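Coordinates from run_17.txt are shown below (compact mmCIF, C-alpha atoms and all ligand atoms).
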# COMPACT_ATOMS: atom_id res chain seq x y z
CA MET A 1 57.22 14.29 26.50
CA LEU A 2 54.27 14.39 28.92
CA ILE A 3 52.13 16.03 26.23
CA ILE A 4 52.98 13.29 23.76
CA LEU A 5 52.13 10.68 26.38
CA LEU A 6 48.79 12.40 27.15
CA ILE A 7 47.96 12.59 23.44
CA ALA A 8 48.80 8.91 23.03
CA VAL A 9 46.63 7.93 26.01
CA GLY A 10 43.83 10.14 24.68
CA LEU A 11 44.10 8.50 21.27
CA LEU A 12 44.11 5.08 22.84
CA LEU A 13 41.02 5.92 24.90
CA ALA A 14 39.27 7.28 21.81
CA ILE A 15 40.10 4.09 19.92
CA ILE A 16 38.85 1.93 22.82
CA VAL A 17 35.58 3.94 23.08
CA GLY A 18 35.13 3.79 19.29
CA LEU A 19 35.77 0.06 19.26
CA SER A 20 33.41 -0.62 22.13
CA LEU A 21 30.67 1.40 20.41
CA LYS A 22 31.26 -0.60 17.23
CA LEU A 23 31.20 -3.85 19.21
CA ARG A 24 27.94 -2.88 20.90
CA GLN A 25 26.42 -2.03 17.51
CA LEU A 26 27.65 -5.34 16.13
CA SER A 27 26.16 -7.23 19.06
CA TRP A 28 22.77 -5.46 18.52
CA THR A 29 22.85 -6.35 14.83
CA LEU A 30 23.82 -9.92 15.67
CA ASN A 31 21.03 -10.14 18.24
CA THR A 32 18.45 -8.87 15.75
CA LYS A 33 19.67 -11.35 13.12
CA LEU A 34 19.55 -14.21 15.65
CA ASN A 35 15.98 -13.24 16.59
CA ASP A 36 15.04 -13.18 12.87
CA ILE A 37 16.58 -16.64 12.41
CA ASP A 38 14.77 -17.92 15.50
CA ARG A 39 11.45 -16.56 14.18
CA ALA A 40 12.10 -18.13 10.76
CA PHE A 41 12.89 -21.48 12.43
CA GLY A 42 9.67 -21.18 14.44
CA GLN A 43 7.68 -20.69 11.23
CA ILE A 44 9.45 -23.63 9.56
CA ARG A 45 8.79 -25.83 12.61
CA LYS A 46 5.10 -24.86 12.47
CA GLN A 47 4.86 -25.57 8.75
CA LEU A 48 6.64 -28.92 9.18
CA GLY A 49 4.21 -29.80 11.98
CA ALA A 50 1.20 -28.99 9.75
CA LEU A 51 2.73 -30.93 6.87
CA SER A 52 3.38 -33.96 9.03
CA THR A 53 -0.23 -33.84 10.40
CA SER A 54 -1.56 -33.62 6.86
CA ILE A 55 0.64 -36.52 5.66
CA GLU A 56 -0.46 -38.62 8.63
CA SER A 57 -4.11 -37.79 7.92
CA SER A 58 -3.75 -38.73 4.23
CA ALA A 59 -2.06 -42.00 5.20
CA ASN A 60 -4.92 -42.75 7.60
CA GLU A 61 -7.48 -41.94 4.92
CA THR A 62 -5.76 -44.34 2.54
CA GLN A 63 -5.85 -47.05 5.21
CA ASN A 64 -9.54 -46.31 5.83
CA ALA A 65 -10.26 -46.49 2.09
CA VAL A 66 -8.50 -49.86 1.85
CA TYR A 67 -10.53 -51.08 4.85
CA LEU A 68 -13.81 -49.90 3.30
CA SER A 69 -12.96 -51.33 -0.12
CA GLN A 70 -13.05 -54.78 1.52
CA LEU A 71 -16.79 -54.36 1.94
CA ASP A 72 -16.80 -55.31 -1.73
CA LEU A 73 -19.65 -53.05 -2.80
CA THR A 74 -21.02 -53.67 -6.28
CA MET A 75 -21.45 -49.92 -6.74
CA PRO A 76 -18.95 -47.89 -4.69
CA VAL A 77 -20.27 -44.93 -2.73
CA PHE A 78 -18.91 -41.38 -2.60
CA MET A 79 -16.91 -40.43 0.48
CA GLY A 80 -16.17 -36.88 1.60
CA GLY A 81 -17.88 -33.62 0.65
CA TRP A 82 -21.53 -33.82 1.76
CA SER A 83 -21.10 -37.49 2.56
CA ILE A 84 -19.37 -38.88 5.59
CA ASP A 85 -15.59 -39.20 5.28
CA THR A 86 -13.60 -42.42 5.45
CA PHE A 87 -12.91 -41.97 9.18
CA LEU A 88 -16.62 -42.07 10.05
CA GLY A 89 -17.23 -44.75 7.41
CA LYS A 90 -14.71 -47.07 9.04
CA PHE A 91 -15.96 -46.13 12.51
CA LEU A 92 -19.58 -47.03 11.63
CA VAL A 93 -18.63 -50.34 10.04
CA GLN A 94 -16.47 -51.29 13.03
CA HIS A 95 -19.26 -50.28 15.39
CA VAL A 96 -21.73 -52.53 13.57
CA VAL A 97 -19.29 -55.46 13.68
CA GLU A 98 -18.38 -55.01 17.33
CA SER A 99 -21.65 -53.82 18.89
CA ARG A 100 -24.22 -55.54 16.64
CA PRO A 101 -26.97 -52.92 17.05
CA LYS A 102 -30.55 -54.11 16.68
CA THR A 103 -32.05 -50.71 15.94
CA ILE A 104 -30.24 -47.99 13.99
CA LEU A 105 -31.53 -44.53 13.18
CA GLU A 106 -29.66 -42.35 10.71
CA LEU A 107 -30.50 -38.67 10.31
CA GLY A 108 -29.22 -37.75 6.83
CA SER A 109 -29.15 -40.66 4.39
CA GLY A 110 -26.34 -41.38 1.93
CA SER A 111 -23.06 -43.28 1.77
CA SER A 112 -23.34 -43.96 5.51
CA THR A 113 -26.61 -45.84 4.90
CA VAL A 114 -25.07 -48.12 2.28
CA LEU A 115 -21.96 -48.83 4.38
CA ILE A 116 -24.00 -49.67 7.49
CA ALA A 117 -26.40 -51.86 5.52
CA ARG A 118 -23.53 -53.74 3.89
CA ALA A 119 -21.73 -54.24 7.21
CA LEU A 120 -24.95 -55.64 8.72
CA GLU A 121 -25.30 -57.98 5.74
CA ILE A 122 -21.70 -59.22 5.95
CA VAL A 123 -21.87 -59.99 9.66
CA GLY A 124 -25.18 -61.77 9.13
CA ILE A 125 -27.47 -59.47 11.10
CA HIS A 126 -30.80 -59.85 9.34
CA ASP A 127 -33.18 -58.68 12.06
CA CYS A 128 -31.84 -55.13 12.52
CA THR A 129 -34.28 -52.23 12.07
CA HIS A 130 -32.17 -49.79 10.08
CA ILE A 131 -34.00 -46.51 9.46
CA ALA A 132 -32.57 -43.84 7.15
CA VAL A 133 -34.21 -40.43 7.32
CA ASP A 134 -33.88 -37.62 4.82
CA HIS A 135 -35.73 -34.32 4.44
CA GLU A 136 -34.94 -34.13 0.72
CA PRO A 137 -36.74 -36.62 -1.56
CA LYS A 138 -33.97 -36.13 -4.13
CA TYR A 139 -31.19 -37.25 -1.79
CA LEU A 140 -33.29 -40.00 -0.22
CA GLY A 141 -33.81 -41.26 -3.79
CA ILE A 142 -30.09 -41.14 -4.57
CA SER A 143 -29.21 -42.99 -1.35
CA ARG A 144 -31.88 -45.57 -2.08
CA GLU A 145 -30.61 -46.09 -5.63
CA TYR A 146 -27.07 -46.72 -4.37
CA ALA A 147 -28.48 -49.20 -1.87
CA ARG A 148 -30.52 -50.87 -4.67
CA LEU A 149 -27.43 -51.16 -6.89
CA ASN A 150 -25.71 -52.92 -4.00
CA GLY A 151 -28.65 -55.23 -3.35
CA LEU A 152 -29.32 -53.55 0.00
CA GLU A 153 -32.45 -51.47 -0.63
CA ASP A 154 -34.82 -53.83 1.20
CA ARG A 155 -32.62 -53.97 4.29
CA VAL A 156 -33.33 -50.31 5.07
CA THR A 157 -36.49 -48.47 6.09
CA TRP A 158 -36.45 -45.26 4.05
CA LEU A 159 -38.21 -42.30 5.65
CA GLU A 160 -38.84 -39.00 3.93
CA CYS A 161 -39.42 -36.41 6.65
CA PRO A 162 -39.62 -32.83 5.31
CA LEU A 163 -38.30 -30.26 7.76
CA ARG A 164 -40.87 -28.42 9.90
CA HIS A 165 -40.52 -25.72 12.52
CA TYR A 166 -40.21 -26.89 16.14
CA ASP A 167 -41.23 -23.91 18.29
CA GLU A 168 -39.49 -25.17 21.46
CA PHE A 169 -36.10 -24.94 19.70
CA ASP A 170 -36.99 -22.30 17.11
CA LYS A 171 -35.46 -24.65 14.55
CA LEU A 172 -36.32 -26.68 11.51
CA TRP A 173 -36.12 -30.42 12.13
CA TYR A 174 -37.58 -33.63 10.70
CA GLY A 175 -41.38 -33.48 10.59
CA GLY A 176 -43.41 -36.60 11.38
CA LEU A 177 -40.39 -38.59 12.53
CA LEU A 178 -41.25 -38.95 16.22
CA ASP A 179 -44.64 -40.55 15.48
CA ARG A 180 -42.90 -43.17 13.36
CA LEU A 181 -40.51 -44.15 16.14
CA GLU A 182 -43.11 -45.16 18.73
CA GLY A 183 -42.01 -48.33 20.53
CA LYS A 184 -38.45 -48.21 19.14
CA LYS A 185 -35.32 -48.54 21.30
CA ILE A 186 -32.44 -47.13 19.27
CA ASP A 187 -29.00 -48.70 19.86
CA LEU A 188 -27.15 -46.55 17.34
CA LEU A 189 -28.18 -43.01 16.43
CA ALA A 190 -26.06 -41.45 13.67
CA ILE A 191 -26.69 -37.73 13.28
CA ASP A 192 -25.59 -36.18 9.98
CA GLY A 193 -28.53 -33.89 9.29
CA PRO A 194 -30.27 -31.54 8.94
CA PRO A 195 -27.45 -29.74 7.11
CA GLY A 196 -25.45 -27.29 9.24
CA PRO A 197 -25.72 -24.31 6.86
CA ILE A 198 -29.54 -24.03 7.02
CA GLN A 199 -29.62 -22.68 10.60
CA ARG A 200 -27.51 -22.21 13.72
CA HIS A 201 -27.00 -25.38 15.80
CA SER A 202 -29.01 -27.29 13.22
CA ARG A 203 -28.58 -30.73 14.79
CA TYR A 204 -29.13 -29.75 18.43
CA PRO A 205 -32.80 -30.92 18.62
CA ALA A 206 -31.81 -34.52 17.82
CA LEU A 207 -30.86 -35.56 21.35
CA PRO A 208 -33.61 -33.81 23.34
CA LEU A 209 -36.25 -35.07 20.89
CA LEU A 210 -34.94 -38.60 20.45
CA LYS A 211 -33.72 -39.32 23.97
CA ARG A 212 -36.91 -41.14 24.92
CA PHE A 213 -36.39 -43.56 22.01
CA LEU A 214 -32.80 -44.47 22.94
CA ALA A 215 -31.97 -47.89 24.38
CA GLU A 216 -30.55 -47.98 27.90
CA HIS A 217 -27.11 -48.79 26.46
CA CYS A 218 -26.69 -46.82 23.25
CA THR A 219 -24.28 -44.90 21.06
CA VAL A 220 -24.95 -41.49 19.56
CA ILE A 221 -22.65 -40.33 16.77
CA LEU A 222 -22.46 -36.76 15.51
CA ASP A 223 -20.63 -36.09 12.23
CA ASP A 224 -18.78 -32.84 11.45
CA ALA A 225 -17.68 -32.47 15.07
CA GLY A 226 -14.69 -30.48 13.87
CA ARG A 227 -17.01 -27.49 13.37
CA ASP A 228 -17.36 -24.94 16.17
CA GLU A 229 -21.17 -25.20 16.18
CA GLU A 230 -21.13 -28.99 16.45
CA GLN A 231 -18.71 -28.71 19.36
CA GLU A 232 -21.09 -26.29 21.07
CA ILE A 233 -23.95 -28.74 20.46
CA VAL A 234 -21.95 -31.62 21.98
CA GLN A 235 -21.00 -29.51 24.99
CA ARG A 236 -24.64 -28.61 25.55
CA TRP A 237 -25.76 -32.23 25.15
CA GLY A 238 -23.07 -33.32 27.62
CA ASN A 239 -24.12 -30.68 30.19
CA GLU A 240 -27.80 -31.50 29.83
CA ASN A 241 -27.27 -35.28 29.86
CA PRO A 242 -24.48 -36.09 32.33
CA GLU A 243 -25.27 -39.81 32.10
CA PHE A 244 -23.57 -39.83 28.68
CA LYS A 245 -19.82 -40.21 28.25
CA VAL A 246 -18.58 -37.84 25.55
CA ASP A 247 -15.62 -38.55 23.22
CA LEU A 248 -14.33 -36.39 20.38
CA TRP A 249 -12.06 -37.43 17.50
CA PRO A 250 -10.59 -34.59 15.43
CA ASN A 251 -9.71 -36.64 12.32
CA GLY A 252 -11.35 -35.69 9.02
CA HIS A 253 -14.68 -33.90 9.53
CA GLY A 254 -14.47 -34.80 13.22
CA ILE A 255 -16.57 -37.35 15.10
CA ALA A 256 -18.32 -36.93 18.44
CA MET A 257 -19.55 -40.02 20.28
CA LEU A 258 -21.89 -40.10 23.25
CA THR A 259 -22.32 -43.42 25.01
CA ARG A 260 -24.22 -44.68 28.01
C1 LIG B 301 -24.41 -34.30 5.51
S1 LIG B 301 -25.62 -34.87 4.42
C2 LIG B 301 -25.82 -36.54 4.88
C3 LIG B 301 -24.77 -37.41 4.30
C4 LIG B 301 -24.92 -38.89 4.55
N1 LIG B 301 -24.88 -39.25 5.94
C5 LIG B 301 -23.83 -39.62 3.79
O1 LIG B 301 -23.04 -40.33 4.39
O2 LIG B 301 -23.77 -39.43 2.56
C6 LIG B 301 -27.06 -34.13 5.11
C7 LIG B 301 -28.17 -33.89 4.12
O3 LIG B 301 -27.71 -33.05 3.08
C8 LIG B 301 -28.44 -33.31 1.91
N2 LIG B 301 -27.45 -33.46 0.82
C9 LIG B 301 -26.75 -34.55 0.49
N3 LIG B 301 -25.93 -34.29 -0.55
C10 LIG B 301 -26.13 -32.99 -0.87
C11 LIG B 301 -25.59 -32.13 -1.86
N4 LIG B 301 -24.68 -32.55 -2.71
N5 LIG B 301 -26.03 -30.85 -1.88
C12 LIG B 301 -26.95 -30.41 -1.01
N6 LIG B 301 -27.51 -31.19 -0.05
C13 LIG B 301 -27.10 -32.46 0.01
C14 LIG B 301 -29.28 -34.55 2.13
O4 LIG B 301 -30.63 -34.17 2.28
C15 LIG B 301 -28.70 -35.09 3.42
O5 LIG B 301 -29.66 -35.71 4.21

Take the structure from the file and write it as C-alpha cells.
Amino acid sequence: MLIILLIAVGLLLAIIVGLSLKLRQLSWTLNTKLNDIDRAFGQIRKQLGALSTSIESSANETQNAVYLSQLDLTMPVFMGGWSIDTFLGKFLVQHVVESRPKTILELGSGSSTVLIARALEIVGIHDCTHIAVDHEPKYLGISREYARLNGLEDRVTWLECPLRHYDEFDKLWYGGLLDRLEGKKIDLLAIDGPPGPIQRHSRYPALPLLKRFLAEHCTVILDDAGRDEEQEIVQRWGNENPEFKVDLWPNGHGIAMLTR
C-alpha cells in the first residue's frame, strides 16, 4: 500500500515538474512573441509618424502654392529642385509685404528673384534696390527672361559675378561683387548660392564678406538649411556674430533666418 502511495506521489511530482517546465517554456515563447509584437508596433508607429509628417508637409506645400498663385504671374516660375521651394517662396513674399525692405541682395538668381520683384510691385514699392547676383550667365539669363515675361525685368539690377578664389576662406565666391555694393545698406540678404556641391561650406563667406553692407536692422535668409553643412554654417555665423538672433525652420529645403 505504502509503495503504491509513494509511486502515486512520485508520479504526481513528475507531472507537476513536467507541467511547470512546459509552463515556463510557454511563458518564454509568449514573452518572445510579445516582444516581437511590441517591436512591430514600434515600427508601425514610426512609419505612421513619418507618413503623417509627409502628409502635413504636402498639405502645407499646397497651401503655399495657392498663396503664391495669387501673385498672378503672367509666366509662372518653377519651384523646387534647384529653385527655392514654396516654403521659402511664401516666406520671402510675406517678408516683403510686412517688412518693406529698401535694399535687397539675392545671391543666386531665379524663381526667388521673380517672386520678390512681383511682391514689391504689388505692394507698390517702386524705390527698392533689388539686386540679383549669379555666377552663371546662363542662369542669370534664364532668371532675367522669366522676369521679362512677367514685366519685372527693369525692377531688378542683374549682376553677373563669376566665382573667384578668396584666399582668406580658401573658397570660390562671387568676384567683383563687393566693389559694386559700396554705399549700400542691405535690409534683406537672401543667400541661395554659390551652389553647395561645388565646395564644402560654399555659402559661409557671405556673412563675413557682406556684414559691412548690412543695415543696422536687417534680415539674412539662408536656403537649404536642412543640409548638415548649412547648419554648420549657421552655427558658425551665430557664434561669430552674437548680435544676430538665429531661427531655423525645417520645412521643405529648410530655412535659416538671422535677424538683428
Ligand atoms: C540654388 S540655385 C539659386 C536658385 C534661385 N534662388 C531660385 O529661386 O531659383 C544656385 C545657383 O545654381 C545655378 N543653377 C540654377 N539652376 C541650375 C540647374 N538646373 N543646374 C545647375 N545649376 C543651376 C545658378 O547659377 C544659381 O545661381

Between A:Asn241, A:Thr103, A:Asn60, A:Ser83, which has the minimum distance to ligand LIG 301 (chain B) (counting all atoms listed in the file)?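 Checking each of A:Asn241, A:Thr103, A:Asn60, A:Ser83 against ligand LIG 301 (chain B), counting all atoms listed in the file, the winner is A:Ser83.
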
Cut-off 9 Å, only C-alpha atoms and all ligand atoms, neighbours of ligand LIG 301 (chain B) as a ChimeraX atom specification: /A:77-85,88-89,106-115,133-140,142-143,190-196,223-224

Name all residues at most 12 Å from Tyr166 in chain A (count all atoms listed in the file; drop same-chain ones fewer than 3 positions away) and give them as a PyMOL selection string. chain A and resi 163+169-176+202+204-206+208-209

As an exercise, work out the distance from CA of Lys245 in chain A to CA of Thr259 in chain A in Å and give it to one decimal place.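 Separation between CA of Lys245 in chain A and CA of Thr259 in chain A: 5.2 Å.
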
In Å, with one decimal, what is the gap from CA of Leu207 in chain A to CA of Glu160 in chain A?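 Taking CA of Leu207 in chain A as the start and CA of Glu160 in chain A as the end point, the length is 19.5 Å.
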
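As for CA of Gly238 in chain A and CA of Phe91 in chain A, they are spaced 21.0 Å apart.
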
For Val123 in chain A, work out the shell of residues within 12 Å, counting all atoms listed in the file and skipping chain neighbours fewer than 2 positions away, then give it as a list in words. Leu71, Val93, Gln94, His95, Val96, Val97, Glu98, Ser99, Arg100, Pro101, Ile116, Ala117, Arg118, Ala119, Leu120, Glu121, Ile125, His126, Asp127 and Cys128 of chain A

Where is the centre and how long are the edges: axis-aligned box on range 140-158 of chain A, 6 Å on each side, Å to one decimal, as JSON:
{"center_x": -31.1, "center_y": -47.6, "center_z": -0.4, "size_x": 22.8, "size_y": 27.2, "size_z": 25.0}

Nearest to Glu230 in chain A, chosen from A:His217, A:Arg24, A:Arg212, A:Arg200, with all atoms listed in the file counted in the distances: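 Under the stated criterion, the closest residue is A:Arg200.
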
For Leu68 in chain A, which of A:Asn239, A:Arg148, A:Cys161, A:Thr86 is the closest residue, counting only C-alpha atoms?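 Among the listed residues, A:Thr86 lies closest to Leu68 in chain A.
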
Given all atoms listed in the file as the basis, pick out the residue of A:Leu105, A:Arg236, A:Gly124, A:Glu229 nearest to Phe213 in chain A.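 Counting all atoms listed in the file, the residue closest to Phe213 in chain A is A:Leu105.
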
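The closest residue to Asp187 in chain A, picked from A:Arg155, A:Lys46, A:His253, A:His130 and counting only C-alpha atoms, is A:His130.
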